[in-house]
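Here's the structure, in structure tokens; my notes come after.
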Amino acid sequence: MIDVYDPVYIVTILFFVLALERMSSPKTARSGIIYAGAAMLAATVATFFIPGLGNLWLIVFAAGVGGLVGWYAAKKVAMTDMPQMVAIYNGMGGGAAGAIAAVELLGGVGLTYGSLSVAGAVIGSVSFSGSVIAFLKLQGWMRQRPITFPGQQPLNLGILGAAIVAGALSLVFSLSWILAVFFLLALGFGLMLTLPIGGADMPVVISLFNALTGIAVAMDGFALSNYAMIVAGILVGAAGSMLTVLMARAMNRSIGNVLFGAFGAVEETGTSIQGSMKPIEADDVAVMLAYASKVIITPGYGMAVAQAQHKVKELADLLEQKGVTVKFGIHPVAGRMPGHMNVLLAEAGISYDKLYDRDEINPEFATADVVLVIGANDVVNPAARRAGSPLQGMPILDVDQAKNVIVLKRGQGKGFAGVENDLFYKDNTRMLYGDAQETVAKLVQAVKKV
Amino acid sequence: MTADLYSAIFIAVLAAFTGYEVISRVPVLLHTPLMSGSNFVHGIVLVGAMFALGFANNLPEEIIGILAVVMAAMNVTGGYVVTERILEMFDRTKKGG
């Protein structure tokens, strides 16, 4: 008799690949996720037909509970809270991968498949506890700045080493208490690894944990000889690894530096920047904007915090009615996850052909009359061009080359990197203080009157 | 599901190349949906969680198996809804101009 699930799994994999392939254009991307969803449903239903599968009602019940909670939370969440949502769902996947490995190891397996389960358990557990910490930090339930203490790196390394030893021992002795210690150590390592990583490095961390969950799922797939899990896990591992490298490169830092550098833990002191910060009123900015021929808007995390994207769209529409060319310059690591700014601006209804990547927009700043920097700091800091700065070498948006730069900022504080921003002191820069949403609303009113 | 580890590794290597080739064409604009979409794809872990619970032999295995299925199901539905919501916005902005 031919089993029903294996052929279904093959089709599932085919649709997963097609779904990712359709992500290469915004026109086809939405159909892609629907393909993937249908494939996932088919794979789940087919799994019920595995011969000998018991606890059927328990499976239906558990899947129903988890599924409803996940569905409801994802429907309710505001677009600005997307980074932590992505982090927590990713953590759930890692946790599930770890739990599957635990069941395998409890049941007692041979050395080869056992080592694969141990690998799946470590990677899945690290992704789980690490993602939970990332979620807490992004949700604001935990401080975003790095948490550091002396001897942190040797301690973390020790925990990882002990976890691997405990994993090996659990294979040899197959005792449940060794297994428990093993999982506690693995979970602890994920927690300790994420504590010293700050908010601005989250785009790297989220995509890294995404990759890790994928790899953990693939390891479980090897242990269970389940090809659907192997291929899907490896696909995600490849996607996540690539994004992680891209994000780290966008900051000109290695992944090791992001993970172990505790970036932003100390503030830069003793820099002497010439000049002063020059404040400006919304009415004056409105005049500049209304009579400009080209305006570039560069958003950052501050726009997300203030939920200012809808007002920004209003302002952009108004300026376009007045014949001003409006473009958006987006830095790859602006915000808290890859592509964060694109998502928020799309939510506000700004057409994606107005959103420009750093390399596309940089040559245009020199011809811009006004650049509006909304809640971005480190990604527009010319200190990145200065030797010895912590930001040195980071590819930035060259906003300082525009004729006028208006920086919308809540207060006079430093950016996440803890580095003074040279941009704020330049002759062509004016500071417009206040909450981004209120300030942009004021600009909208003022531009209407011009 | 009786094939040996080696053929599984062959498949994994090919999958890695496929993944890399397909994903390297995704524009920066769609990095968030790519991430949450791949987040959804590793929700296939649900299949493994069902397997773990379905073949659990004793109470501890059943409890951990239930945990696995609950978490995996959250991963699947959450990942799907988040990705769908994001892509819907990109769709709408094009039509709305």
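Going by the structure tokens order, chains are called A, B, ..., each with residues numbered from 1, while ligands are numbered from 1 in the order shown.
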
Using only C-alpha atoms, what does the table of chain A residues within 6 Å of chain B look like, with each row giving the shortest atom pair and its distance in Å to one decimal, sorted by chain and ascending number, as CSV?
residue,atom,partner,partner_atom,distance
A:Glu21,CA,B:Val22,CA,5.4
A:Met23,CA,B:Val26,CA,6.0
A:Ser24,CA,B:Val26,CA,4.1
A:Arg30,CA,B:Leu87,CA,5.4
A:Leu53,CA,B:Gly54,CA,4.8
A:Gly54,CA,B:Gly54,CA,4.5
A:Asn55,CA,B:Gly54,CA,5.2
A:Ala62,CA,B:Val70,CA,5.1
A:Ala63,CA,B:Ala73,CA,5.3
A:Gly66,CA,B:Val70,CA,4.2
A:Gly67,CA,B:Ala73,CA,4.7
A:Gly70,CA,B:Met74,CA,4.3
A:Trp71,CA,B:Thr77,CA,5.1
A:Ala74,CA,B:Gly78,CA,5.3
A:Tyr89,CA,B:Asn75,CA,4.8
A:Asn90,CA,B:Asn39,CA,6.0
A:Met92,CA,B:Met71,CA,4.9
A:Gly93,CA,B:Ala72,CA,5.4
A:Ala96,CA,B:Ala68,CA,4.2
A:Ala99,CA,B:Ala68,CA,5.4
A:Ile100,CA,B:Ala49,CA,5.8
A:Val103,CA,B:Glu61,CA,5.4
A:Gly214,CA,B:His42,CA,5.6
A:Val217,CA,B:Val45,CA,6.0
A:Ser225,CA,B:Met1,CA,5.8
A:Val231,CA,B:Ala15,CA,5.7
A:Gly233,CA,B:His42,CA,5.7
A:Ile234,CA,B:Ala16,CA,5.7
A:Leu235,CA,B:Gly19,CA,4.7
A:Val236,CA,B:Ser38,CA,5.4
A:Ala238,CA,B:Gly19,CA,5.7
A:Pro338,CA,B:Thr32,CA,5.5
A:Gly339,CA,B:Thr32,CA,4.9
A:Ala346,CA,B:Phe90,CA,5.7
A:Glu347,CA,B:Met89,CA,5.5
A:Gly349,CA,B:Thr93,CA,5.0
A:Ser351,CA,B:Thr93,CA,4.9

Q | Expected answer as a PyMOL selection string: alpha helix (DSSP H) residues in chain B | A | chain B and resi 5-23+31-41+45-54+59-96

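The closest residue to Thr47 in chain A, picked from A:Ile280, A:Val60, A:Ala402, A:Ala211 and counting only C-alpha atoms, is A:Val60.
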
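Between CA of Ile406 in chain A and CA of Arg143 in chain A there is a distance of 29.3 Å.
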
Q: Using only C-alpha atoms, find the one residue out of A:Val305, A:Ala292, A:Val204, A:Ala376 that sits nearest to Ile330 in chain A.
A: A:Ala376

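Between CA of Val447 in chain A and CA of Gly323 in chain A there is a distance of 12.8 Å.
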